[in-house]
>>> print(open('structure.txt').read())   # compact mmCIF, C-alpha atoms and all ligand atoms
# COMPACT_ATOMS: atom_id res chain seq x y z
CA MET A 526 15.19 10.38 18.56
CA SER A 527 16.79 13.68 19.56
CA SER A 528 15.91 16.61 17.34
CA ALA A 529 19.58 16.97 16.37
CA LYS A 530 19.89 13.44 15.01
CA SER A 531 19.73 13.20 11.24
CA LEU A 532 19.90 10.49 8.60
CA LEU A 533 20.80 10.97 4.96
CA ILE A 534 19.73 8.29 2.49
CA ARG A 535 21.80 8.78 -0.63
CA GLN A 536 20.93 8.02 -4.23
CA ALA A 537 17.94 5.78 -3.71
CA ARG A 538 15.22 5.29 -6.27
CA VAL A 539 12.63 7.29 -4.32
CA ILE A 540 8.89 7.05 -4.90
CA LEU A 541 7.26 10.48 -4.78
CA PRO A 542 3.67 11.16 -3.60
CA ASN A 543 2.52 11.38 -7.24
CA GLY A 544 3.73 7.82 -7.85
CA GLU A 545 6.75 8.85 -9.92
CA PHE A 546 10.30 7.81 -9.09
CA ILE A 547 13.44 9.95 -8.89
CA ILE A 548 16.99 8.96 -8.12
CA GLY A 549 17.79 11.15 -5.16
CA ASP A 550 18.64 11.85 -1.53
CA VAL A 551 16.28 11.95 1.44
CA LEU A 552 17.24 13.76 4.63
CA THR A 553 15.49 13.10 7.94
CA GLN A 554 15.88 15.02 11.18
CA GLY A 555 14.22 14.57 14.55
CA GLY A 556 12.19 11.67 13.15
CA LYS A 557 10.74 13.68 10.25
CA ILE A 558 11.53 13.84 6.56
CA VAL A 559 13.00 17.29 5.98
CA GLU A 560 14.10 17.22 2.35
CA VAL A 561 13.79 15.13 -0.81
CA ALA A 562 16.05 16.23 -3.68
CA SER A 563 18.17 14.83 -6.47
CA GLU A 564 21.23 15.66 -4.36
CA ILE A 565 21.57 17.06 -0.83
CA SER A 566 25.19 18.13 -0.56
CA TYR A 567 25.16 20.62 2.32
CA ALA A 568 24.08 18.18 5.07
CA THR A 569 26.39 16.76 7.73
CA PRO A 570 24.14 13.95 8.94
CA THR A 571 24.61 11.85 12.04
CA GLN A 572 24.16 8.75 9.89
CA GLU A 573 24.29 8.05 6.17
CA ILE A 574 23.07 5.18 3.98
CA ASP A 575 24.39 4.55 0.49
CA ALA A 576 21.19 3.36 -1.20
CA GLN A 577 22.37 3.01 -4.77
CA GLY A 578 20.40 0.34 -6.57
CA LEU A 579 17.71 0.24 -3.85
CA THR A 580 14.16 1.60 -3.93
CA LEU A 581 12.90 3.81 -1.08
CA LEU A 582 9.23 3.44 -0.15
CA PRO A 583 7.12 4.75 2.72
CA GLY A 584 6.97 2.18 5.53
CA VAL A 585 4.08 -0.26 5.37
CA ILE A 586 1.09 0.37 7.64
CA ASP A 587 -0.49 -3.02 8.32
CA PRO A 588 -4.08 -2.37 9.42
CA GLN A 589 -5.01 -5.84 10.64
CA VAL A 590 -2.76 -7.97 12.83
CA HIS A 591 -3.19 -10.30 15.82
CA PHE A 592 -0.11 -10.02 18.04
CA ARG A 593 -1.39 -12.20 20.91
CA GLU A 594 -0.26 -10.06 23.86
CA PRO A 595 -1.52 -10.12 26.55
CA GLY A 596 -2.46 -13.68 27.30
CA LEU A 597 -1.34 -15.75 24.33
CA GLU A 598 2.37 -14.95 24.35
CA TYR A 599 3.26 -18.56 23.61
CA LYS A 600 2.19 -17.82 20.00
CA GLU A 601 3.60 -14.27 19.62
CA ASP A 602 4.18 -11.12 21.66
CA LEU A 603 4.55 -7.43 20.92
CA PHE A 604 8.36 -7.68 20.89
CA THR A 605 8.66 -10.68 18.56
CA ALA A 606 5.85 -9.43 16.34
CA SER A 607 7.41 -6.00 16.00
CA CYS A 608 10.80 -7.58 15.15
CA ALA A 609 8.94 -9.44 12.39
CA CYS A 610 7.39 -6.12 11.30
CA ALA A 611 10.84 -4.52 11.11
CA ARG A 612 12.05 -7.35 8.88
CA GLY A 613 8.98 -6.99 6.66
CA GLY A 614 9.16 -3.21 6.24
CA VAL A 615 6.04 -2.74 8.38
CA THR A 616 6.60 0.46 10.37
CA SER A 617 3.11 0.78 11.88
CA PHE A 618 0.35 -1.70 12.73
CA LEU A 619 -3.23 -1.79 13.94
CA GLU A 620 -3.85 -4.72 16.24
CA MET A 621 -7.03 -6.66 16.96
CA PRO A 622 -8.80 -7.16 20.31
CA ASN A 623 -8.92 -10.98 20.58
CA THR A 624 -6.20 -11.18 23.22
CA ARG A 625 -6.62 -12.36 26.84
CA PRO A 626 -8.10 -10.33 28.38
CA LEU A 627 -10.07 -9.08 25.37
CA THR A 628 -9.48 -5.44 24.45
CA THR A 629 -13.04 -4.39 25.19
CA SER A 630 -12.49 -1.60 27.73
CA GLN A 631 -10.43 1.55 28.16
CA SER A 632 -8.31 -0.15 30.81
CA ALA A 633 -7.46 -3.10 28.52
CA LEU A 634 -6.60 -0.62 25.76
CA ASP A 635 -4.38 1.38 28.15
CA ASP A 636 -2.65 -1.83 29.20
CA LYS A 637 -1.83 -2.72 25.58
CA LEU A 638 -0.55 0.80 24.87
CA GLN A 639 1.72 0.59 27.92
CA ARG A 640 3.06 -2.82 26.90
CA ALA A 641 3.69 -1.56 23.36
CA ALA A 642 5.52 1.55 24.63
CA ASN A 643 7.85 -0.77 26.55
CA LYS A 644 8.59 -3.34 23.88
CA CYS A 645 7.39 -2.42 20.39
CA LEU A 646 10.02 -1.58 17.76
CA VAL A 647 7.48 -0.02 15.37
CA ASN A 648 4.45 2.28 15.69
CA TYR A 649 1.23 0.84 17.09
CA GLY A 650 -2.51 1.27 17.42
CA PHE A 651 -5.14 -1.02 18.95
CA PHE A 652 -8.77 -1.65 18.05
CA ILE A 653 -11.47 -1.78 20.71
CA GLY A 654 -13.54 -4.97 20.44
CA ALA A 655 -17.33 -4.99 20.48
CA THR A 656 -19.24 -7.28 22.80
CA GLY A 657 -22.99 -7.19 23.18
CA ASP A 658 -22.73 -4.93 26.23
CA ASN A 659 -19.84 -2.44 26.03
CA LEU A 660 -21.48 0.34 23.99
CA THR A 661 -20.27 3.11 26.29
CA GLU A 662 -16.65 2.01 25.97
CA LEU A 663 -17.01 1.63 22.20
CA VAL A 664 -18.10 5.24 21.93
CA SER A 665 -15.53 6.72 24.31
CA ALA A 666 -12.32 4.64 24.18
CA GLN A 667 -9.21 6.57 23.05
CA PRO A 668 -6.92 6.38 21.18
CA THR A 669 -8.13 3.71 18.80
CA PRO A 670 -8.48 3.33 15.03
CA GLY A 671 -11.98 2.00 15.53
CA ILE A 672 -14.35 -0.70 16.72
CA LYS A 673 -13.76 -4.30 15.70
CA ILE A 674 -16.82 -6.50 15.33
CA PHE A 675 -16.54 -10.23 14.80
CA MET A 676 -19.88 -10.96 13.09
CA GLY A 677 -18.70 -14.57 12.80
CA SER A 678 -15.71 -16.91 13.21
CA MET A 679 -15.39 -16.14 16.87
CA HIS A 680 -16.73 -17.59 20.06
CA GLY A 681 -17.42 -16.12 23.46
CA GLN A 682 -17.92 -12.47 24.23
CA LEU A 683 -16.41 -11.07 21.03
CA LEU A 684 -18.98 -12.72 18.78
CA VAL A 685 -21.71 -10.20 17.86
CA ASP A 686 -23.98 -12.00 15.42
CA GLN A 687 -27.46 -10.74 16.26
CA GLU A 688 -28.80 -7.99 14.01
CA THR A 689 -30.49 -6.10 16.86
CA VAL A 690 -27.23 -5.93 18.81
CA LEU A 691 -25.24 -4.97 15.71
CA GLU A 692 -27.75 -2.24 14.99
CA GLN A 693 -27.21 -0.72 18.44
CA ILE A 694 -23.50 -0.44 17.72
CA PHE A 695 -24.06 1.12 14.28
CA ALA A 696 -26.60 3.55 15.75
CA HIS A 697 -24.35 4.92 18.51
CA GLY A 698 -21.29 7.09 17.99
CA SER A 699 -19.53 7.90 14.77
CA ARG A 700 -16.14 6.21 14.79
CA LEU A 701 -15.07 3.62 12.26
CA ILE A 702 -16.52 0.12 12.55
CA ALA A 703 -14.36 -2.67 11.10
CA VAL A 704 -16.15 -5.97 10.55
CA HIS A 705 -15.03 -9.56 10.24
CA ALA A 706 -17.94 -10.44 7.98
CA GLU A 707 -18.98 -14.10 8.17
CA ASP A 708 -22.48 -15.39 8.92
CA GLN A 709 -22.13 -17.43 12.10
CA ALA A 710 -25.55 -19.10 11.87
CA ARG A 711 -24.74 -20.44 8.41
CA ILE A 712 -21.29 -21.58 9.58
CA ASN A 713 -22.82 -23.41 12.56
CA GLN A 714 -25.30 -25.19 10.34
CA ARG A 715 -22.67 -26.21 7.78
CA ARG A 716 -20.32 -27.39 10.53
CA GLN A 717 -22.96 -29.93 11.44
CA GLU A 718 -23.53 -30.94 7.81
CA PHE A 719 -19.82 -31.57 7.25
CA ALA A 720 -19.04 -33.00 10.71
CA GLY A 721 -16.58 -35.87 10.68
CA ILE A 722 -14.57 -34.67 7.68
CA HIS A 723 -10.96 -34.09 8.67
CA ASP A 724 -9.56 -32.86 5.36
CA PRO A 725 -8.82 -29.17 6.06
CA ALA A 726 -10.03 -28.31 2.53
CA ILE A 727 -13.56 -28.69 3.91
CA HIS A 728 -12.95 -25.47 5.84
CA SER A 729 -13.53 -23.41 2.68
CA GLN A 730 -16.84 -25.21 2.10
CA ILE A 731 -18.08 -24.87 5.65
CA GLN A 732 -17.28 -21.15 5.81
CA ASP A 733 -18.29 -20.65 2.21
CA ASN A 734 -18.64 -17.61 -0.05
CA GLN A 735 -22.30 -17.27 0.88
CA ALA A 736 -21.44 -16.99 4.58
CA ALA A 737 -19.11 -14.08 3.81
CA LEU A 738 -21.59 -12.43 1.45
CA ASN A 739 -24.49 -12.64 3.92
CA ALA A 740 -22.53 -10.82 6.61
CA THR A 741 -21.09 -8.20 4.28
CA GLN A 742 -24.61 -7.47 3.01
CA LEU A 743 -25.87 -7.02 6.56
CA ALA A 744 -22.98 -4.74 7.56
CA LEU A 745 -23.52 -2.68 4.42
CA LYS A 746 -27.26 -2.39 5.13
CA LEU A 747 -26.64 -1.11 8.67
CA SER A 748 -23.88 1.23 7.53
CA LYS A 749 -26.21 2.75 4.94
CA LYS A 750 -29.07 3.09 7.38
CA TYR A 751 -26.93 5.12 9.80
CA GLN A 752 -24.42 6.50 7.28
CA ARG A 753 -21.86 4.93 9.60
CA ARG A 754 -18.19 4.67 8.63
CA LEU A 755 -17.67 0.99 7.81
CA HIS A 756 -14.55 -0.97 6.92
CA ILE A 757 -14.78 -4.53 5.63
CA LEU A 758 -11.81 -6.53 6.85
CA HIS A 759 -10.09 -9.21 4.73
CA MET A 760 -12.67 -9.38 1.95
CA SER A 761 -12.32 -12.79 0.37
CA THR A 762 -14.97 -13.49 -2.27
CA ALA A 763 -15.87 -12.47 -5.81
CA GLU A 764 -19.47 -12.00 -4.66
CA GLU A 765 -18.55 -9.39 -2.04
CA ALA A 766 -16.31 -7.58 -4.51
CA GLU A 767 -19.13 -7.45 -7.08
CA LEU A 768 -21.57 -6.26 -4.41
CA LEU A 769 -19.27 -3.37 -3.52
CA ARG A 770 -18.60 -2.62 -7.17
CA GLU A 771 -22.35 -2.05 -7.60
CA ASP A 772 -23.01 -0.30 -4.34
CA LYS A 773 -20.20 1.25 -2.29
CA PRO A 774 -21.11 4.37 -0.32
CA SER A 775 -18.33 6.95 0.01
CA TRP A 776 -17.97 6.16 3.73
CA VAL A 777 -17.22 2.45 3.17
CA THR A 778 -13.75 0.95 2.64
CA ALA A 779 -12.54 -2.63 2.19
CA GLU A 780 -9.26 -4.50 2.40
CA VAL A 781 -7.86 -7.76 1.05
CA THR A 782 -4.94 -9.89 2.26
CA PRO A 783 -2.02 -11.06 0.10
CA GLN A 784 -3.09 -14.65 0.81
CA HIS A 785 -6.59 -14.10 -0.55
CA LEU A 786 -5.01 -12.68 -3.70
CA LEU A 787 -2.24 -15.25 -4.11
CA LEU A 788 -3.38 -18.51 -2.50
CA ASN A 789 -6.52 -20.53 -3.14
CA THR A 790 -8.04 -23.83 -2.10
CA SER A 791 -5.30 -25.76 -3.93
CA ALA A 792 -2.99 -24.71 -1.07
CA TYR A 793 -4.60 -27.28 1.26
CA GLN A 794 -2.93 -30.02 -0.82
CA THR A 795 0.53 -28.54 -0.41
CA ILE A 796 0.55 -26.92 3.03
CA GLY A 797 -2.50 -28.48 4.70
CA THR A 798 -3.68 -26.65 7.80
CA LEU A 799 -1.09 -23.89 7.31
CA ALA A 800 -3.57 -22.68 4.67
CA GLN A 801 -6.45 -22.62 7.15
CA MET A 802 -7.67 -19.15 8.03
CA ASN A 803 -10.84 -17.13 8.50
CA PRO A 804 -12.33 -16.13 6.19
CA PRO A 805 -10.99 -19.16 4.29
CA LEU A 806 -9.02 -19.27 1.07
CA ARG A 807 -11.26 -19.35 -2.00
CA SER A 808 -11.01 -20.32 -5.69
CA PRO A 809 -8.68 -19.04 -8.45
CA HIS A 810 -11.73 -17.17 -9.81
CA ASP A 811 -12.08 -15.33 -6.49
CA ASN A 812 -8.34 -14.46 -6.63
CA GLU A 813 -8.78 -12.82 -10.03
CA VAL A 814 -11.95 -10.91 -9.15
CA LEU A 815 -10.31 -9.61 -5.96
CA TRP A 816 -7.23 -8.46 -7.94
CA GLN A 817 -9.46 -6.63 -10.40
CA ALA A 818 -11.47 -5.00 -7.60
CA LEU A 819 -8.22 -3.86 -5.96
CA ARG A 820 -6.87 -2.41 -9.20
CA ASP A 821 -10.19 -0.64 -9.80
CA GLY A 822 -10.34 0.90 -6.31
CA VAL A 823 -13.35 -1.17 -5.22
CA ILE A 824 -11.01 -2.62 -2.58
CA ASP A 825 -8.98 0.15 -0.98
CA PHE A 826 -5.93 -1.44 0.62
CA ILE A 827 -3.96 -4.45 1.86
CA ALA A 828 -3.81 -5.97 5.36
CA THR A 829 -2.09 -9.19 6.40
CA ASP A 830 -4.38 -10.48 9.17
CA HIS A 831 -1.10 -11.75 10.71
CA ALA A 832 -2.51 -14.48 12.99
CA PRO A 833 0.24 -16.78 14.26
CA HIS A 834 -0.35 -20.17 15.86
CA THR A 835 2.26 -22.72 16.90
CA LEU A 836 3.19 -25.60 14.59
CA GLU A 837 2.00 -27.93 17.31
CA GLU A 838 -1.46 -26.34 17.22
CA LYS A 839 -1.48 -26.44 13.41
CA GLY A 840 -0.39 -30.09 13.55
CA GLN A 841 -3.64 -31.24 15.15
CA THR A 842 -6.46 -32.74 13.10
CA TYR A 843 -9.05 -30.49 11.45
CA PRO A 844 -11.35 -29.06 12.86
CA ASN A 845 -9.27 -28.88 16.05
CA THR A 846 -6.67 -26.76 14.26
CA PRO A 847 -6.80 -22.99 14.80
CA SER A 848 -7.33 -20.67 11.83
CA GLY A 849 -4.77 -18.06 10.88
CA MET A 850 -1.36 -17.53 9.35
CA PRO A 851 1.44 -15.00 9.92
CA GLY A 852 1.94 -12.23 7.35
CA VAL A 853 3.96 -9.16 8.31
CA GLU A 854 7.34 -10.53 7.16
CA THR A 855 6.27 -11.37 3.64
CA SER A 856 3.42 -9.01 2.67
CA LEU A 857 5.58 -6.35 1.03
CA PRO A 858 7.80 -8.74 -0.97
CA LEU A 859 4.71 -10.74 -2.01
CA MET A 860 3.01 -7.61 -3.33
CA LEU A 861 6.16 -6.22 -4.95
CA THR A 862 6.81 -9.58 -6.61
CA SER A 863 3.26 -9.43 -7.96
CA ALA A 864 4.00 -5.93 -9.28
CA MET A 865 7.16 -7.13 -11.00
CA ALA A 866 5.12 -9.96 -12.53
CA GLY A 867 2.74 -7.40 -14.03
CA LYS A 868 -0.28 -7.81 -11.73
CA CYS A 869 -0.09 -4.13 -10.72
CA THR A 870 2.46 -1.32 -10.41
CA VAL A 871 4.89 -0.61 -7.59
CA SER A 872 3.18 2.72 -7.00
CA GLN A 873 -0.18 0.94 -6.60
CA VAL A 874 1.42 -1.35 -4.01
CA VAL A 875 2.75 1.68 -2.13
CA ASN A 876 -0.68 3.27 -2.17
CA TRP A 877 -2.42 0.08 -0.98
CA MET A 878 0.12 -0.62 1.79
CA SER A 879 0.83 2.88 3.06
CA LYS A 880 -1.01 5.95 1.80
CA ALA A 881 -4.52 4.53 1.42
CA VAL A 882 -4.34 2.98 4.90
CA ALA A 883 -3.22 6.28 6.47
CA THR A 884 -6.06 8.08 4.70
CA ALA A 885 -8.74 5.56 5.66
CA TYR A 886 -7.80 5.53 9.34
CA GLY A 887 -6.95 9.24 9.55
CA ILE A 888 -3.34 8.62 10.58
CA PRO A 889 -1.61 11.98 10.10
CA ASN A 890 1.79 12.47 8.42
CA LYS A 891 2.32 8.89 7.31
CA GLY A 892 2.29 7.01 4.03
CA GLU A 893 4.27 9.38 1.79
CA ILE A 894 7.85 10.39 1.27
CA THR A 895 7.45 14.12 1.53
CA PRO A 896 8.92 16.86 3.77
CA GLY A 897 7.09 17.17 7.09
CA TYR A 898 6.00 13.53 7.10
CA ASP A 899 7.28 11.00 9.63
CA ALA A 900 10.52 9.28 8.64
CA ASP A 901 9.01 5.77 8.49
CA LEU A 902 10.69 4.29 5.44
CA VAL A 903 11.77 1.05 3.84
CA LEU A 904 14.56 0.45 1.35
CA VAL A 905 13.80 -2.58 -0.79
CA ASP A 906 15.86 -4.53 -3.31
CA LEU A 907 13.90 -5.04 -6.52
CA ASN A 908 16.88 -6.55 -8.37
CA THR A 909 17.26 -9.90 -6.62
CA TYR A 910 14.96 -12.81 -5.83
CA LYS A 911 15.24 -14.86 -2.63
CA PRO A 912 13.01 -17.64 -1.32
CA VAL A 913 10.93 -17.44 1.85
CA LYS A 914 12.81 -19.63 4.35
CA ARG A 915 11.45 -21.02 7.58
CA GLU A 916 14.79 -20.55 9.38
CA GLU A 917 14.70 -16.79 8.71
CA VAL A 918 11.24 -16.23 10.21
CA LEU A 919 11.27 -13.85 13.20
CA SER A 920 7.63 -14.30 14.18
CA LYS A 921 7.49 -16.50 17.27
CA CYS A 922 5.35 -19.05 15.41
CA GLY A 923 8.41 -19.94 13.29
CA TRP A 924 6.70 -20.70 9.97
CA ASN A 925 5.18 -19.00 6.95
CA SER A 926 2.57 -20.16 4.47
CA PHE A 927 4.69 -18.94 1.54
CA GLU A 928 7.85 -20.94 2.33
CA GLY A 929 9.73 -21.71 -0.86
CA TRP A 930 8.16 -18.83 -2.84
CA ASN A 931 10.89 -16.92 -4.64
CA LEU A 932 10.32 -13.22 -3.95
CA THR A 933 11.82 -9.87 -4.81
CA GLY A 934 11.38 -6.54 -3.01
CA TRP A 935 12.72 -7.82 0.30
CA PRO A 936 13.42 -5.00 2.76
CA VAL A 937 17.13 -4.24 3.11
CA THR A 938 16.74 -1.43 5.64
CA THR A 939 13.66 -0.38 7.64
CA ILE A 940 13.52 3.01 9.33
CA VAL A 941 11.07 4.02 12.08
CA GLY A 942 10.98 7.67 13.17
CA GLY A 943 14.34 8.27 11.48
CA GLU A 944 16.02 5.34 13.30
CA ILE A 945 17.31 2.22 11.56
CA VAL A 946 15.35 -0.64 13.11
CA TYR A 947 16.33 -3.34 10.60
CA ASP A 948 19.37 -3.56 8.37
CA GLN A 949 20.47 -6.50 6.20
CA GLY A 950 19.15 -9.24 8.43
CA LYS A 951 19.80 -7.52 11.77
CA VAL A 952 17.14 -6.01 14.03
CA ASN A 953 18.06 -3.12 16.32
CA THR A 954 16.07 -4.13 19.38
CA GLU A 955 16.80 -0.83 21.16
CA ILE A 956 14.43 1.15 18.92
CA ARG A 957 10.89 1.91 20.09
CA GLY A 958 7.92 3.01 17.99
CA GLN A 959 5.23 5.42 19.04
CA ALA A 960 1.49 5.27 19.64
CA LEU A 961 -0.38 6.20 16.46
CA THR A 962 -2.91 9.01 16.52
CA PHE A 963 -6.18 9.03 14.58
CA LEU A 964 -7.94 12.14 13.30
O1 LIG A 1001 -7.85 -16.85 10.62
C1 LIG A 1001 -8.02 -16.02 11.49
N1 LIG A 1001 -7.37 -16.08 12.66
N2 LIG A 1001 -8.91 -15.04 11.28
C2 LIG A 1001 -9.25 -14.18 12.27
O2 LIG A 1001 -10.01 -13.27 12.02
C3 LIG A 1001 -8.74 -14.37 13.64
C4 LIG A 1001 -7.42 -14.98 13.56
C5 LIG A 1001 -6.81 -15.35 14.88
O3 LIG A 1001 -6.82 -14.51 15.77
O4 LIG A 1001 -6.23 -16.43 14.98
>>> encode(input="structure.txt", output="structure tokens")
Amino acid sequence: MSSAKSLLIRQARVILPNGEFIIGDVLTQGGKIVEVASEISYATPTQEIDAQGLTLLPGVIDPQVHFREPGLEYKEDLFTASCACARGGVTSFLEMPNTRPLTTSQSALDDKLQRAANKCLVNYGFFIGATGDNLTELVSAQPTPGIKIFMGSMHGQLLVDQETVLEQIFAHGSRLIAVHAEDQARINQRRQEFAGIHDPAIHSQIQDNQAALNATQLALKLSKKYQRRLHILHMSTAEEAELLREDKPSWVTAEVTPQHLLLNTSAYQTIGTLAQMNPPLRSPHDNEVLWQALRDGVIDFIATDHAPHTLEEKGQTYPNTPSGMPGVETSLPLMLTSAMAGKCTVSQVVNWMSKAVATAYGIPNKGEITPGYDADLVLVDLNTYKPVKREEVLSKCGWNSFEGWNLTGWPVTTIVGGEIVYDQGKVNTEIRGQALTFL
């Protein structure tokens, strides 16, 4: 936006960096927050929002999404996905490398950045994917939040499941390594044991807790050996949470998805393969242990693992059905509804979905409502409850695993770089986000 353009948000319930709320005004100019005060009366803004009754939060930074472009645009693309982000209050995202071609080189990364600059409504960053033979690119690629390693649940070039190869990656360079931690050898063996079973509930037994624990243990071992910055993606089991509770070096972080907190294996009975993802849904006991680990800081933040597939693909018979579910449109309301139900506080949700992510990935000037920070903001309504409806989904996949759930905290207005990108059901498709930078 031009440096002259300004936006005044009036009389919102504003969350401050210390987690306290004030009723006040927030002024943005040139894409930055310039003032937060109980009343800003001198300003003559270009645009004004009357936010009485609404709560103003920093925009969500979703650190694990699969947006399918290039190559799999029939499921999702950067335009549709970023419209879904705008609706969900997600103002920045970090996207994964399992597109076609894979994001395993500087040129593939540059291509994604160019595509995003052309069509993304929110801010963007892209991981570089590890193969067994792209060490040089892993060390040098820029800009990227880090290296993504699929230790399991992947086939082809992006699967890196041999300890000697993993060790090479941990031993070279210093940037963050984010792991999808599942033990592929164990999964392969259990796939054979359970072959012929078409009930999708078997998915959670094939890719069981032990498979996740084995891989997390290995990643932790290598990270400790090289003191290498490690992030454990979508942690799903009580066993992994207890492992980290006992032994979490200061350079290790972990995330959990709303679905691993709120859904469990009972979901297969109600939504069938729409509950199928990797790592799989677990038991109610796992849900509770993960919640406790999150509240205690053992798990650092929330990611959605937004992984859309078409209903046609999901309608096949297990195990031919792809794993994954969309998430960016519902993650914030799901977490805020949990807060209103007493599972945590709103300020914890804000930390887990904005500030802690910015800190972990070294994203400057994001995640707080404070002067000098980027004006990436979301106004949510914590007074009303509305169900998740399939017909309102903006993700190209056109479905959501939480359909029918009655949620509060739905975004009313989403602001990216001081520009209104979503307002009361309408997306402003003219807005473009920016490439994220990483310290
Ligand atoms: O369920 C999943 N689906 N987990 C992943 O890690 C990958 C994702 C996908 O890309 O579909």
>>> closest_residue(input="structure.txt", among="A:Cys608, A:Ala633, A:Val941, A:Leu758", to="ligand LIG 1001 (chain A)", atoms="all atoms listed in the file")
A:Leu758
>>> closest_atom_pairs(input="structure.txt", of="chain A", to="ligand LIG 1001 (chain A)", cutoff="10 Å", atoms="all atoms listed in the file", output="Markdown table")
| residue | atom | partner | partner_atom | distance |
| --- | --- | --- | --- | --- |
| A:Gln589 | CA | A:LIG1001 | O2 | 9.1 |
| A:Val590 | CA | A:LIG1001 | O3 | 8.2 |
| A:His591 | CA | A:LIG1001 | O3 | 5.6 |
| A:Phe592 | CA | A:LIG1001 | O3 | 8.4 |
| A:Arg593 | CA | A:LIG1001 | O3 | 7.8 |
| A:Lys600 | CA | A:LIG1001 | O4 | 9.9 |
| A:Met621 | CA | A:LIG1001 | O3 | 7.9 |
| A:Pro622 | CA | A:LIG1001 | O3 | 8.9 |
| A:Asn623 | CA | A:LIG1001 | O3 | 6.3 |
| A:Thr624 | CA | A:LIG1001 | O3 | 8.2 |
| A:Phe675 | CA | A:LIG1001 | O2 | 7.7 |
| A:Gly677 | CA | A:LIG1001 | O2 | 8.8 |
| A:Ser678 | CA | A:LIG1001 | O2 | 6.9 |
| A:Met679 | CA | A:LIG1001 | C3 | 7.6 |
| A:Val704 | CA | A:LIG1001 | O2 | 9.7 |
| A:His705 | CA | A:LIG1001 | O2 | 6.5 |
| A:Ala706 | CA | A:LIG1001 | O2 | 9.3 |
| A:Glu707 | CA | A:LIG1001 | O2 | 9.8 |
| A:Leu758 | CA | A:LIG1001 | O2 | 8.7 |
| A:His759 | CA | A:LIG1001 | O2 | 8.3 |
| A:Ala800 | CA | A:LIG1001 | O1 | 9.4 |
| A:Gln801 | CA | A:LIG1001 | O1 | 6.9 |
| A:Met802 | CA | A:LIG1001 | O1 | 3.5 |
| A:Asn803 | CA | A:LIG1001 | O1 | 3.7 |
| A:Pro804 | CA | A:LIG1001 | N2 | 6.2 |
| A:Pro805 | CA | A:LIG1001 | O1 | 7.4 |
| A:Leu806 | CA | A:LIG1001 | O1 | 9.9 |
| A:Asp830 | CA | A:LIG1001 | N2 | 6.8 |
| A:His831 | CA | A:LIG1001 | C4 | 7.6 |
| A:Ala832 | CA | A:LIG1001 | O4 | 4.6 |
| A:Pro833 | CA | A:LIG1001 | O4 | 6.5 |
| A:His834 | CA | A:LIG1001 | O4 | 7.0 |
| A:Pro847 | CA | A:LIG1001 | O4 | 6.6 |
| A:Ser848 | CA | A:LIG1001 | O1 | 4.0 |
| A:Gly849 | CA | A:LIG1001 | O1 | 3.3 |
| A:Met850 | CA | A:LIG1001 | O1 | 6.6 |
| A:Pro851 | CA | A:LIG1001 | N1 | 9.3 |
>>> residues_around(input="structure.txt", residues="Ile702 of chain A", least_positions_apart="2", cutoff="7 Å", atoms="all atoms listed in the file", output="list in words")
Gly671, Ile672, Lys673, Arg700, Val704, Arg754, Leu755 and His756 of chain A
>>> closest_residue(input="structure.txt", among="A:Cys869, A:Ala562, A:Ala576, A:Ala737", to="Ala763 of chain A", atoms="all atoms listed in the file")
A:Ala737
>>> residues_near_point(input="structure.txt", point="(10.8, 10.1, 10.9)", cutoff="6 Å", atoms="all atoms listed in the file", output="list of chain:residue names")
A:Gly556, A:Lys557, A:Ile558, A:Asp899, A:Ala900, A:Asp901, A:Gly942, A:Gly943
>>> atom_distance(input="structure.txt", atom1="atom CA of Asp587 of chain A", atom2="atom CA of Thr782 of chain A")
10.2 Å
>>> residues_near_point(input="structure.txt", point="(24.6, 0.3, 3.4)", cutoff="9 Å", atoms="only C-alpha atoms", output="PyMOL selection string")
chain A and resi 573-577+937-938+948-949
>>> closest_residue(input="structure.txt", among="A:Thr909, A:Ser563, A:Thr862, A:Thr689", to="Val874 of chain A", atoms="all atoms listed in the file")
A:Thr862
>>> closest_residue(input="structure.txt", among="A:Ala655, A:Arg625, A:Met760, A:Tyr599", to="Glu837 of chain A", atoms="all atoms listed in the file")
A:Tyr599
>>> residues_around(input="structure.txt", residues="Ile894 of chain A", least_positions_apart="3", cutoff="9 Å", atoms="all atoms listed in the file", output="PDB file with C-alpha atoms, keeping the file's coordinate frame")
ATOM      1  CA  VAL A 539      12.630   7.290  -4.320  1.00  0.00           C
ATOM      2  CA  ILE A 540       8.890   7.050  -4.900  1.00  0.00           C
ATOM      3  CA  LEU A 541       7.260  10.480  -4.780  1.00  0.00           C
ATOM      4  CA  PRO A 542       3.670  11.160  -3.600  1.00  0.00           C
ATOM      5  CA  VAL A 551      16.280  11.950   1.440  1.00  0.00           C
ATOM      6  CA  ILE A 558      11.530  13.840   6.560  1.00  0.00           C
ATOM      7  CA  VAL A 561      13.790  15.130  -0.810  1.00  0.00           C
ATOM      8  CA  LEU A 581      12.900   3.810  -1.080  1.00  0.00           C
ATOM      9  CA  LEU A 582       9.230   3.440  -0.150  1.00  0.00           C
ATOM     10  CA  PRO A 583       7.120   4.750   2.720  1.00  0.00           C
ATOM     11  CA  LYS A 891       2.320   8.890   7.310  1.00  0.00           C
ATOM     12  CA  GLY A 897       7.090  17.170   7.090  1.00  0.00           C
ATOM     13  CA  TYR A 898       6.000  13.530   7.100  1.00  0.00           C
ATOM     14  CA  ASP A 899       7.280  11.000   9.630  1.00  0.00           C
ATOM     15  CA  ALA A 900      10.520   9.280   8.640  1.00  0.00           C
ATOM     16  CA  ASP A 901       9.010   5.770   8.490  1.00  0.00           C
ATOM     17  CA  LEU A 902      10.690   4.290   5.440  1.00  0.00           C
TER      18      LEU A 902
END
